[in-house]
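Here the structure comes first, spelled out in structure tokens, and everything after it is commentary.
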Amino acid sequence: MILSRDQQLRRKAYEEIELNKDIVEQDPYRLKYHLMPPVGLLNDPNGFIQWDGNYHLFYQWMPFKTGHGAKFWGHYVSKDLVTWKHEEIALTPSEWFEKNGCYSGSAIGHNDELHLFYTGNVKDKEGNRETYQCLAVSGDGVNFDKKGPVIELPVGYTSHFRDPKVWEQDGRYFMVVGAQTSDLKGAVALFASEDLIDWEHLGMLAGGGKPPLNDFGYMFECPDLFSLDETDVLVFSPQGLKPEGMEYQNVYQSGYVIGTFEPVSGVFMHGEFEELDRGFDFYAPQTTEDEQGRRILFAWMSVPDQNEQDHPTIGHKWLHNMTIPRELRLTGGKVVQLPVQELESLRLGEAIEHKVVLNYENVKLKEVSGKAVELLLDNIQVSEGWFSITIGGAARIVYSKKQNLFSLERKSYVDGTVEKRQCYLDDLNSLRIFIDTSSIEVFINNGEETFTARFYPVPDDESIQFESLRNTSFNIKKWNLGNIIGE
Ligand code: FRU
């Protein structure tokens, strides 16, 4: 029997999973409650949607190595954002218009069918790039029928033009695409359509050297425009920003601007850029609005080109994971992130609780340790000195009351030195911390700031240590958390 290119690629990818199952699963750094690739490299969340009763989360996937290349779309499905099932591969890079990768994109329901928009990436031998914004349609949410390119590169941009995000507003469809202008500035392009097939380029939505994003990097990846409380938010991942004080410390950034989008004119007036996360590993976030009207975000827990080849999981043939799902809200003109409420169902048993007072001490608290845990600290009072939590001897949270400075430190997986990410706070009242084997997500003051990172403790080190200079008090609850992959 002659297999189609798509069938061949699927078969090869499934063989790769089978072949490496044991080595992947034996990795002590494999996570318990985060979405990961079954083998190979995972990057951006794609096509995130609640459709026909299920949440669908697709992901950029390279099955054949722990590096980038001709990406597939892997596919996870869930009823509740907690327990996930791995679905059939959604897209393989089998056609001429996507032969070097089915790159990132989004999903929308239309006429009882699930529509995926994604970028077909094509490169020739000299490395010249072509880009096509493509459509694939499914009646069952599992098997997709490729319709091919629906948008070719408009004039005014280089072929770094990708990551379509589609939504419906006032009876029309809109699409934003991440772009680089011909004069090498990061930008977001805007399109509109009546039927999801014929798209009109309305122009540039943001960037391209226009204030307040003038001199703001050479490429914007993964744009996403949506409303929160009647305010419009554009999330995107700019490349080419230089570090400024405590900001823009990673190789590339992810953040947002807030403003007003006028669907008739296609004009978006907006303010300054704010980073979404202050940790080491957070990129290419994508959101969807679910049936309860919540705006939910997943992000890739890594950053492109940031020491990717040094992660210790590579020896176990896999690389990277998603964040936990987070609900976005707008508070005081700022986008805040909260773990979705459903994650409480991951808690195994009752909380361990302590009322803690520390004074020049370094302590472990009874039963507060573990690999997959949630910590909730509230009523935090730190006197003049500082207070820290050290996790597995390899990550450390420090809050200095004197400077109002919050830091996440980790032992570098490249050379073992201590590296940090920091931000100022007005005050520290509460901390919600999700630890999962080799990942940490910190939600400060109900999501006012978040710090997201991978870190690599000695595998058996499940310790959590609390230390304070001078007087610190807080209430703490700790839960062990369960697994998320179901049948
Ligand atoms: C962001 C990104 C996207 C692209 C995809 C390819 O991490 O570079 O712009 O579509 O990854 O995997």
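Here's how to read the names in the structure tokens: chain A, B, ... by the order shown, residue numbers from 1 in each chain, ligand numbers from 1 in the order shown.
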If the limit is 7 Å from any atom of ligand 1, counting only C-alpha atoms and all ligand atoms, which residues qualify? Return them as an mmCIF file with N, CA and C atoms, in the first residue's frame.
```cif
data_model
loop_
_atom_site.group_PDB
_atom_site.id
_atom_site.type_symbol
_atom_site.label_atom_id
_atom_site.label_comp_id
_atom_site.auth_asym_id
_atom_site.auth_seq_id
_atom_site.Cartn_x
_atom_site.Cartn_y
_atom_site.Cartn_z
ATOM 1 N N ASN A 43 6.681 23.581 21.561
ATOM 2 C CA ASN A 43 6.738 25.024 21.830
ATOM 3 C C ASN A 43 5.344 25.621 21.889
ATOM 4 N N ASP A 44 4.989 26.586 21.097
ATOM 5 C CA ASP A 44 3.811 27.414 21.368
ATOM 6 C C ASP A 44 2.494 26.650 21.554
ATOM 7 N N GLN A 60 2.773 23.360 19.083
ATOM 8 C CA GLN A 60 3.883 23.215 18.142
ATOM 9 C C GLN A 60 4.730 22.031 18.598
ATOM 10 N N HIS A 68 14.267 22.644 16.981
ATOM 11 C CA HIS A 68 13.180 23.171 16.149
ATOM 12 C C HIS A 68 13.297 22.617 14.734
ATOM 13 N N LYS A 71 7.576 21.738 12.017
ATOM 14 C CA LYS A 71 6.662 21.450 13.136
ATOM 15 C C LYS A 71 5.363 20.774 12.728
ATOM 16 N N TYR A 103 3.323 26.039 11.259
ATOM 17 C CA TYR A 103 3.667 26.941 12.357
ATOM 18 C C TYR A 103 2.414 27.415 13.102
ATOM 19 N N SER A 104 2.637 28.269 14.091
ATOM 20 C CA SER A 104 1.574 28.582 15.052
ATOM 21 C C SER A 104 0.342 29.209 14.437
ATOM 22 N N THR A 119 0.277 28.968 10.082
ATOM 23 C CA THR A 119 1.238 29.446 9.085
ATOM 24 C C THR A 119 1.941 28.276 8.424
ATOM 25 N N ARG A 162 3.654 35.573 10.423
ATOM 26 C CA ARG A 162 3.118 34.280 10.873
ATOM 27 C C ARG A 162 2.238 34.399 12.111
ATOM 28 N N ASP A 163 1.678 33.273 12.512
ATOM 29 C CA ASP A 163 0.921 33.099 13.758
ATOM 30 C C ASP A 163 -0.447 33.778 13.729
ATOM 31 N N GLU A 221 5.954 38.231 17.393
ATOM 32 C CA GLU A 221 5.388 36.901 17.174
ATOM 33 C C GLU A 221 4.086 36.761 17.965
ATOM 34 N N CYS A 222 3.265 35.838 17.515
ATOM 35 C CA CYS A 222 2.079 35.371 18.258
ATOM 36 C C CYS A 222 1.182 36.479 18.819
ATOM 37 N N TYR A 283 6.683 32.348 27.130
ATOM 38 C CA TYR A 283 6.700 32.911 25.773
ATOM 39 C C TYR A 283 5.475 32.457 24.996
ATOM 40 N N ALA A 284 5.165 33.228 23.948
ATOM 41 C CA ALA A 284 4.136 32.877 22.960
ATOM 42 C C ALA A 284 2.787 32.509 23.577
ATOM 43 N N PRO A 304 12.474 31.032 23.025
ATOM 44 C CA PRO A 304 13.289 30.554 21.909
ATOM 45 C C PRO A 304 14.744 31.033 22.033
#
```
Close residues, segment 308-320 of chain A itself excluded, 6 Å, only C-alpha atoms, min 2 positions apart in chain, as number ranges by chain
A: 23-24, 27, 39-42, 66, 306, 414
Env of Ala136 of chain A: 12 Å cut, atoms = only C-alpha atoms, seq-sep filter 3 positions within chain, self excluded. Answer as a PyMOL selection string.
chain A and resi 47+73+90-92+102+105-109+113-120+133+139+141-150+196-197
Please write the residues from the selection above to a file, keeping C-alpha atoms, as a short mmCIF file (atom, residue, chain, number, x, y, z; two decimals), in the first residue's frame.
```
data_model
loop_
_atom_site.label_atom_id
_atom_site.label_comp_id
_atom_site.auth_asym_id
_atom_site.auth_seq_id
_atom_site.Cartn_x
_atom_site.Cartn_y
_atom_site.Cartn_z
CA GLY A 47 -5.63 26.64 18.45
CA TRP A 73 0.49 20.26 15.56
CA ALA A 90 -3.79 17.28 14.14
CA LEU A 91 -1.44 18.56 11.41
CA THR A 92 1.70 17.22 9.76
CA CYS A 102 2.84 23.92 10.26
CA GLY A 105 -2.04 29.62 14.71
CA SER A 106 -5.49 29.60 16.22
CA ALA A 107 -8.94 28.00 16.11
CA ILE A 108 -12.49 29.19 15.61
CA GLY A 109 -15.83 27.40 15.37
CA GLU A 113 -16.92 22.91 12.07
CA LEU A 114 -13.65 23.64 13.83
CA HIS A 115 -11.43 25.87 11.70
CA LEU A 116 -7.68 26.02 12.28
CA PHE A 117 -5.65 28.90 10.88
CA TYR A 118 -1.91 28.37 10.88
CA THR A 119 1.24 29.45 9.09
CA GLY A 120 2.66 27.28 6.36
CA GLN A 133 -1.63 31.60 6.19
CA GLY A 139 -16.30 18.23 11.64
CA GLY A 141 -12.49 18.19 16.11
CA VAL A 142 -9.95 15.40 15.51
CA ASN A 143 -9.45 14.87 11.78
CA PHE A 144 -8.60 17.96 9.76
CA ASP A 145 -9.08 18.58 6.09
CA LYS A 146 -6.49 21.00 4.73
CA LYS A 147 -7.87 23.77 2.52
CA GLY A 148 -4.44 25.29 1.79
CA PRO A 149 -3.36 28.93 1.86
CA VAL A 150 -6.00 31.64 2.28
CA LEU A 196 -13.17 32.95 6.79
CA ILE A 197 -12.02 32.29 3.21
#
```
Please provide the set of residues having any atom within 8 Å of Gln337 of chain A, restricted to only C-alpha atoms, with same-chain residues fewer than 3 positions apart removed, written as an NGL selection string.
:A and (326-329 or 443 or 446-450)
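Nearest to Pro45 of chain A of all the residues A:Ala299, A:Ile352, A:Val82, A:Ile391 is A:Ala299, based on only C-alpha atoms.
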How many Å separate atom CA of Tyr173 of chain A from atom CA of Val267 of chain A?
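Atom-to-atom, atom CA of Tyr173 of chain A to atom CA of Val267 of chain A, that is 15.2 Å.
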Considering only C-alpha atoms, return as a list of chain:residue names whatever protein or nucleic-acid residues lie within 10 Å of Ala395 of chain A, sequence-local ones (same chain, fewer than 4 positions apart) excluded.
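Using only C-alpha atoms, the neighbours found are A:Ile389, A:Thr390, A:Ile391, A:Leu408, A:Glu409, A:Arg410, A:Lys411, A:Ser412, A:Val418, A:Glu419, A:Lys420, A:Ser438, A:Ser439, A:Ile440, A:Ala453, A:Arg454, A:Phe455, A:Tyr456, A:Pro457, A:Ile464.
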Smallest atom-to-atom distance to Phe58 of chain A: which of A:Gly186, A:Lys402, A:Gln286, A:Lys99, using only C-alpha atoms?
A:Gln286
Among the residues of segment 49-112 of chain A, find those DSSP assigns to strand (DSSP E) from the backbone and print them as a PyMOL selection string.
chain A and resi 49-51+54-62+72-78+84-86+102-110
Save the residues we just selected, N, CA and C atoms, as a PDB file, in the first residue's frame?
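Final output, saved to selection-v3.pdb:
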```
ATOM      1  N   ILE A  49      -9.152  26.552  22.265  1.00  0.00           N
ATOM      2  CA  ILE A  49     -10.577  26.866  22.114  1.00  0.00           C
ATOM      3  C   ILE A  49     -11.415  25.900  22.941  1.00  0.00           C
ATOM      4  N   GLN A  50     -12.571  26.374  23.389  1.00  0.00           N
ATOM      5  CA  GLN A  50     -13.575  25.445  23.921  1.00  0.00           C
ATOM      6  C   GLN A  50     -14.593  25.262  22.808  1.00  0.00           C
ATOM      7  N   TRP A  51     -14.727  24.062  22.315  1.00  0.00           N
ATOM      8  CA  TRP A  51     -15.575  23.817  21.144  1.00  0.00           C
ATOM      9  C   TRP A  51     -16.306  22.499  21.314  1.00  0.00           C
ATOM     10  N   ASN A  54     -15.648  20.514  24.524  1.00  0.00           N
ATOM     11  CA  ASN A  54     -14.272  20.202  24.943  1.00  0.00           C
ATOM     12  C   ASN A  54     -13.353  21.411  24.796  1.00  0.00           C
ATOM     13  N   TYR A  55     -12.394  21.499  25.712  1.00  0.00           N
ATOM     14  CA  TYR A  55     -11.279  22.419  25.479  1.00  0.00           C
ATOM     15  C   TYR A  55     -10.271  21.700  24.589  1.00  0.00           C
ATOM     16  N   HIS A  56      -9.826  22.377  23.553  1.00  0.00           N
ATOM     17  CA  HIS A  56      -8.782  21.828  22.677  1.00  0.00           C
ATOM     18  C   HIS A  56      -7.537  22.679  22.853  1.00  0.00           C
ATOM     19  N   LEU A  57      -6.439  22.046  23.094  1.00  0.00           N
ATOM     20  CA  LEU A  57      -5.178  22.770  23.090  1.00  0.00           C
ATOM     21  C   LEU A  57      -4.221  22.029  22.166  1.00  0.00           C
ATOM     22  N   PHE A  58      -3.861  22.694  21.069  1.00  0.00           N
ATOM     23  CA  PHE A  58      -2.879  22.138  20.141  1.00  0.00           C
ATOM     24  C   PHE A  58      -1.523  22.716  20.529  1.00  0.00           C
ATOM     25  N   TYR A  59      -0.478  22.122  20.010  1.00  0.00           N
ATOM     26  CA  TYR A  59       0.851  22.669  20.334  1.00  0.00           C
ATOM     27  C   TYR A  59       1.841  22.431  19.205  1.00  0.00           C
ATOM     28  N   GLN A  60       2.773  23.360  19.083  1.00  0.00           N
ATOM     29  CA  GLN A  60       3.883  23.215  18.142  1.00  0.00           C
ATOM     30  C   GLN A  60       4.730  22.031  18.598  1.00  0.00           C
ATOM     31  N   TRP A  61       4.981  21.127  17.667  1.00  0.00           N
ATOM     32  CA  TRP A  61       5.644  19.876  18.063  1.00  0.00           C
ATOM     33  C   TRP A  61       6.655  19.419  17.018  1.00  0.00           C
ATOM     34  N   MET A  62       7.871  19.132  17.479  1.00  0.00           N
ATOM     35  CA  MET A  62       8.886  18.495  16.649  1.00  0.00           C
ATOM     36  C   MET A  62       9.110  17.101  17.235  1.00  0.00           C
ATOM     37  N   PHE A  72       4.902  19.894  13.622  1.00  0.00           N
ATOM     38  CA  PHE A  72       3.578  19.282  13.576  1.00  0.00           C
ATOM     39  C   PHE A  72       2.681  20.081  14.534  1.00  0.00           C
ATOM     40  N   TRP A  73       1.381  19.811  14.487  1.00  0.00           N
ATOM     41  CA  TRP A  73       0.488  20.258  15.561  1.00  0.00           C
ATOM     42  C   TRP A  73       0.080  19.026  16.360  1.00  0.00           C
ATOM     43  N   GLY A  74       0.564  18.943  17.614  1.00  0.00           N
ATOM     44  CA  GLY A  74       0.051  17.947  18.542  1.00  0.00           C
ATOM     45  C   GLY A  74      -1.276  18.446  19.104  1.00  0.00           C
ATOM     46  N   HIS A  75      -1.981  17.574  19.817  1.00  0.00           N
ATOM     47  CA  HIS A  75      -3.357  17.923  20.192  1.00  0.00           C
ATOM     48  C   HIS A  75      -3.737  17.292  21.537  1.00  0.00           C
ATOM     49  N   TYR A  76      -4.117  18.121  22.479  1.00  0.00           N
ATOM     50  CA  TYR A  76      -4.665  17.661  23.764  1.00  0.00           C
ATOM     51  C   TYR A  76      -6.124  18.119  23.876  1.00  0.00           C
ATOM     52  N   VAL A  77      -6.951  17.304  24.525  1.00  0.00           N
ATOM     53  CA  VAL A  77      -8.371  17.630  24.699  1.00  0.00           C
ATOM     54  C   VAL A  77      -8.750  17.433  26.164  1.00  0.00           C
ATOM     55  N   SER A  78      -9.621  18.320  26.670  1.00  0.00           N
ATOM     56  CA  SER A  78     -10.034  18.231  28.071  1.00  0.00           C
ATOM     57  C   SER A  78     -11.462  18.734  28.232  1.00  0.00           C
ATOM     58  N   TRP A  84      -6.415  15.835  30.931  1.00  0.00           N
ATOM     59  CA  TRP A  84      -6.254  15.969  29.476  1.00  0.00           C
ATOM     60  C   TRP A  84      -6.025  14.608  28.836  1.00  0.00           C
ATOM     61  N   LYS A  85      -6.498  14.487  27.616  1.00  0.00           N
ATOM     62  CA  LYS A  85      -6.281  13.280  26.833  1.00  0.00           C
ATOM     63  C   LYS A  85      -5.480  13.680  25.599  1.00  0.00           C
ATOM     64  N   HIS A  86      -4.506  12.846  25.267  1.00  0.00           N
ATOM     65  CA  HIS A  86      -3.747  13.121  24.053  1.00  0.00           C
ATOM     66  C   HIS A  86      -4.557  12.642  22.860  1.00  0.00           C
ATOM     67  N   CYS A 102       4.169  23.351  10.016  1.00  0.00           N
ATOM     68  CA  CYS A 102       2.840  23.915  10.260  1.00  0.00           C
ATOM     69  C   CYS A 102       3.030  24.774  11.490  1.00  0.00           C
ATOM     70  N   TYR A 103       3.323  26.039  11.259  1.00  0.00           N
ATOM     71  CA  TYR A 103       3.667  26.941  12.357  1.00  0.00           C
ATOM     72  C   TYR A 103       2.414  27.415  13.102  1.00  0.00           C
ATOM     73  N   SER A 104       2.637  28.269  14.091  1.00  0.00           N
ATOM     74  CA  SER A 104       1.574  28.582  15.052  1.00  0.00           C
ATOM     75  C   SER A 104       0.342  29.209  14.437  1.00  0.00           C
ATOM     76  N   GLY A 105      -0.771  29.050  15.147  1.00  0.00           N
ATOM     77  CA  GLY A 105      -2.038  29.624  14.707  1.00  0.00           C
ATOM     78  C   GLY A 105      -3.121  29.384  15.727  1.00  0.00           C
ATOM     79  N   SER A 106      -4.367  29.547  15.282  1.00  0.00           N
ATOM     80  CA  SER A 106      -5.490  29.596  16.222  1.00  0.00           C
ATOM     81  C   SER A 106      -6.684  28.821  15.688  1.00  0.00           C
ATOM     82  N   ALA A 107      -7.750  28.764  16.483  1.00  0.00           N
ATOM     83  CA  ALA A 107      -8.940  27.996  16.107  1.00  0.00           C
ATOM     84  C   ALA A 107     -10.184  28.853  16.271  1.00  0.00           C
ATOM     85  N   ILE A 108     -11.185  28.540  15.451  1.00  0.00           N
ATOM     86  CA  ILE A 108     -12.488  29.193  15.615  1.00  0.00           C
ATOM     87  C   ILE A 108     -13.570  28.236  15.126  1.00  0.00           C
ATOM     88  N   GLY A 109     -14.703  28.231  15.803  1.00  0.00           N
ATOM     89  CA  GLY A 109     -15.826  27.400  15.374  1.00  0.00           C
ATOM     90  C   GLY A 109     -16.661  28.172  14.362  1.00  0.00           C
ATOM     91  N   HIS A 110     -17.168  27.488  13.320  1.00  0.00           N
ATOM     92  CA  HIS A 110     -17.985  28.141  12.295  1.00  0.00           C
ATOM     93  C   HIS A 110     -18.799  27.061  11.598  1.00  0.00           C
TER      94      HIS A 110
END
```
Contacts of Thr472 of chain A within 10 Å, only C-alpha atoms, excl. fewer than 6 positions in-chain, as a ChimeraX atom specification:
/A:356-361,380-388
